[in-house]
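Right, one structure below, let's go through it.
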Amino acid sequence: MEFRTRFAPSPTGFMHLGGLRTALYEYLLARKNGGKFILRIEDTDQERFVEGATQVIYDTLRDCGINWDEGPDIGGDYGPYIQSERKDLYLPYAKQLVESGHAYYCFCTKEELDQRRQAAEARGETFKYDKHCLRLSKEEIAEKLAAGTPYVIRMNAPTEGTSSYHDMVFGDMTFPNSDTMDDMVLIKQDGMPTYNFANVIDDHLMHISHVIRGMEYLSSTPRYNFLYNAFGWEIPQYIHLPTVMRDATHKLSKRDGDAYYSDFIEKGYLKEALINYLALVGWNPGDEREFFTLGELEEVFDVSRLNKSPGIFDIDKLTWFNAEYIRKLPFDAYLEMVTPWFDKALAGKNIDYKRLAELMQSRTEVFGRVPDMVRFLAEMPEYDLDLYNNKKMKTNPEVAAESLALVRPVLEGIGDWNETAIHDTVMSAIAESGKKNGAVLWPLRIAISGLASTPGGAFEIAYLLGKNETMRRLDLSMEKLRNNA
RNA sequence: GGCCCCGUGGUCAAGAGGCCUAAGACAUCGCCCUUUCACGGCGGUAACUCGGGUUCGAAUCCCGACGGGGUCACCA
């Protein structure tokens, strides 16, 4: 059997991480089995049309390396791959179902339906379409049709019995028809098919073998199967995926600003880290490996290792993955990637980016946090004298004043301002003085950085700052200490 | 509310009746390294939702309760 999977998003503007994960698994299943991965755009809801949204889908998938074998932009044997371009194809199928008694015309207006729905709710009941129009005679239907009365086509669902199917993740599922089935609309008043209908038609026409989708479709699957059966078509394999949650009680929501692929890229997450982490929410390889490239995932992915329970999207773990990926980056690649982030805080300053990058690589968890970490190099922060108090380093403002007084002339005397010279000169001066390293180096670092923690120590920072700026900051800090005394 | 799904530490998760005195990872805490922070190394805290069964034996099977989620549109 040929494996054919599809990603069928509706273009709403952004790529949701839950959707991305679904696409990933669909892609992986196809690749793992030497099959095809198809991209299909489901834009049957014209009210929701968003300009440029399909482009976002293309860009995100390509960016991640999730390449499709058939799709709107590259074609394929079963196109077109955009539902709005296939709109005329669905009505005949619906009519075929009307002929066979599996569907029927309905002339109830939306307003009437809303009224009845509200009335039902007022009575505390769940509204279900009552097959009102199924009772219409052939003549009545012909008459209304001839008069141009607006209509929809509804599925004639069974009201009794049960429906069962097998899901590759959740196992055997059985639903009572009375609770699950309803006469859902197949063709809308505007002539467009509903998602439910188009989905079945297209999946069949495109020979999709495995349908992978969110578990919110678990209970509506019997309705799709009813359609497949009505047409006499083969039902695809189903793989329903557990939801990706924000926390125990909320889905990753589009509103939280933390659900879109683009949000994370803008914050400075690496797509490789994102894909790697996403693959692991709801799936695991069965051994203890956690790091996977897309190519490796293509080899090890296995549907049987998919989980049933919802997984919470853990930003901390993602961040850890991201930091690991950043640390593993070849230095040159890191330097290139971090440069624009340095620019955000240091543009125009004469800073040795290469040396800074060396200091920053092991400290970078997310690129977006870089500017705040290095901004002190551009501008001396205001700081509190209390920073000089450090028990372990045995320093306080008084000790600091002495240490700085010791070190100032030493630094002043350095002609060739490089890290080694700064280090050696200062270290020997400390040794001569008999002071503890920490008692001198801690205050020095504070005096020129104004921060309790910095990427690199006193020597690195002094070097990066340059002699003039180092001396300037040192003098300022010494004065600050004097004023306090 | 009806129907359906899920339920191992804070999070991801291994586990498919004895190998469980329950892995591993993230987070957290402590120690070491160290001129701070980070990296790295070592170690600690921390879980089978509850109650009944079945069985010589249950995290694993069954039933129930509880908790959480999903779904009930001319949205997808």
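Chain identifiers are assigned as A, B, and so on, following the order in which chains appear in the structure tokens; residues are numbered from 1 within each chain, and ligands are numbered from 1 in order of appearance.
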Give me the chain A side of the contact with chain B, cut-off 8 Å, one line per residue showing its nearest atom pair and distance in Å at one decimal, counting only C-alpha atoms (C1' of nucleotides), sorted by chain and residue number, as CSV.
residue,atom,partner,partner_atom,distance
A:Ser10,CA,B:A76,C1',6.4
A:Glu42,CA,B:A76,C1',7.9
A:Asp45,CA,B:C75,C1',7.4
A:Lys110,CA,B:C74,C1',7.4
A:Gly124,CA,B:G1,C1',7.9
A:Thr126,CA,B:C72,C1',7.5
A:Val152,CA,B:C74,C1',7.1
A:Phe175,CA,B:C3,C1',7.4
A:Pro176,CA,B:C3,C1',7.5
A:Asp179,CA,B:C3,C1',5.6
A:Thr180,CA,B:C3,C1',6.6
A:Val185,CA,B:C74,C1',6.5
A:Ile187,CA,B:C74,C1',7.7
A:Lys188,CA,B:C74,C1',4.8
A:Gln189,CA,B:C74,C1',6.1
A:Thr194,CA,B:C74,C1',7.8
A:Tyr195,CA,B:A76,C1',6.1
A:Met215,CA,B:G70,C1',7.3
A:Glu216,CA,B:G70,C1',5.3
A:Tyr217,CA,B:U71,C1',8.0
A:Leu218,CA,B:C4,C1',7.5
A:Ser219,CA,B:C4,C1',6.0
A:Ser220,CA,B:U71,C1',7.7
A:Ala248,CA,B:G68,C1',7.1
A:Thr249,CA,B:G68,C1',6.6
A:Leu280,CA,B:C12,C1',7.7
A:Val281,CA,B:C12,C1',6.8
A:Asn284,CA,B:A13,C1',7.9
A:Gly286,CA,B:A14,C1',7.4
A:Asp287,CA,B:A14,C1',8.0
A:Glu288,CA,B:G24,C1',6.2
A:Glu290,CA,B:A25,C1',7.9
A:Lys308,CA,B:C6,C1',6.9
A:Ser309,CA,B:C6,C1',5.1
A:Pro310,CA,B:C6,C1',7.2
A:Gly311,CA,B:C12,C1',7.4
A:Ile312,CA,B:U11,C1',7.1
A:Asp314,CA,B:U11,C1',6.2
A:Asp316,CA,B:C26,C1',6.7
A:Lys317,CA,B:C26,C1',4.8
A:Trp320,CA,B:C26,C1',7.2
A:Ser362,CA,B:C39,C1',5.7
A:Arg363,CA,B:A38,C1',4.8
A:Asn437,CA,B:U35,C1',6.3
A:Gly438,CA,B:U35,C1',5.2
A:Val440,CA,B:U35,C1',8.0
A:Leu441,CA,B:U35,C1',4.9
A:Trp442,CA,B:U35,C1',5.9
A:Arg445,CA,B:U36,C1',7.8
A:Ala452,CA,B:U36,C1',6.5
A:Ser453,CA,B:C37,C1',4.8
A:Thr454,CA,B:C37,C1',5.5
A:Pro455,CA,B:C37,C1',6.2
A:Gly456,CA,B:C37,C1',7.6
A:Gly457,CA,B:U35,C1',6.2
A:Ala458,CA,B:U35,C1',6.9
Do a neighbour search on A46 of chain B at 12 Å with only C-alpha atoms (C1' of nucleotides), toss out local chain neighbours closer than 6 positions, and write the hits as a compact mmCIF listing (two decimals) with N, CA and C atoms (P, O5', C5', C4', C3', O3' and C1' of nucleotides), in the first residue's frame.
# COMPACT_ATOMS: atom_id res chain seq x y z
P G B 9 1.96 12.24 38.17
O5' G B 9 3.31 12.65 38.90
C5' G B 9 3.60 14.01 39.13
C4' G B 9 4.75 14.05 40.12
C3' G B 9 5.52 15.37 40.08
O3' G B 9 5.27 16.08 41.30
C1' G B 9 6.97 13.48 40.17
P G B 10 3.90 16.81 41.49
O5' G B 10 4.21 18.12 40.65
C5' G B 10 3.24 19.17 40.59
C4' G B 10 3.70 20.15 39.55
C3' G B 10 3.90 19.52 38.17
O3' G B 10 2.71 19.47 37.44
C1' G B 10 5.80 20.79 38.76
P A B 27 16.91 22.86 32.83
O5' A B 27 15.71 23.13 33.85
C5' A B 27 14.71 24.09 33.53
C4' A B 27 13.66 24.10 34.62
C3' A B 27 14.17 24.32 36.03
O3' A B 27 14.34 25.70 36.31
C1' A B 27 12.66 22.51 36.02
P U B 28 15.53 26.14 37.26
O5' U B 28 15.13 25.51 38.67
C5' U B 28 13.94 25.93 39.33
C4' U B 28 13.76 25.14 40.60
C3' U B 28 14.99 25.07 41.49
O3' U B 28 15.11 26.22 42.31
C1' U B 28 14.09 22.91 41.24
P C B 29 16.57 26.77 42.65
O5' C B 29 17.03 25.77 43.81
C5' C B 29 16.31 25.71 45.03
C4' C B 29 16.86 24.59 45.87
C3' C B 29 18.37 24.58 46.02
O3' C B 29 18.81 25.48 47.03
C1' C B 29 17.65 22.41 45.48
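Among the candidates A:Leu28, A:Leu356, A:Val200, A:Met245, the one nearest to Pro222 of chain A when counting only C-alpha atoms is A:Val200.
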Q: From the DSSP assignment of the backbone, select every residue of segment 140-270 of chain A that is strand (DSSP E), and format the answer as number ranges by chain.
A: A: 152-155, 162-167, 171-176, 185-187, 210-214, 237-241, 244-247, 250-251
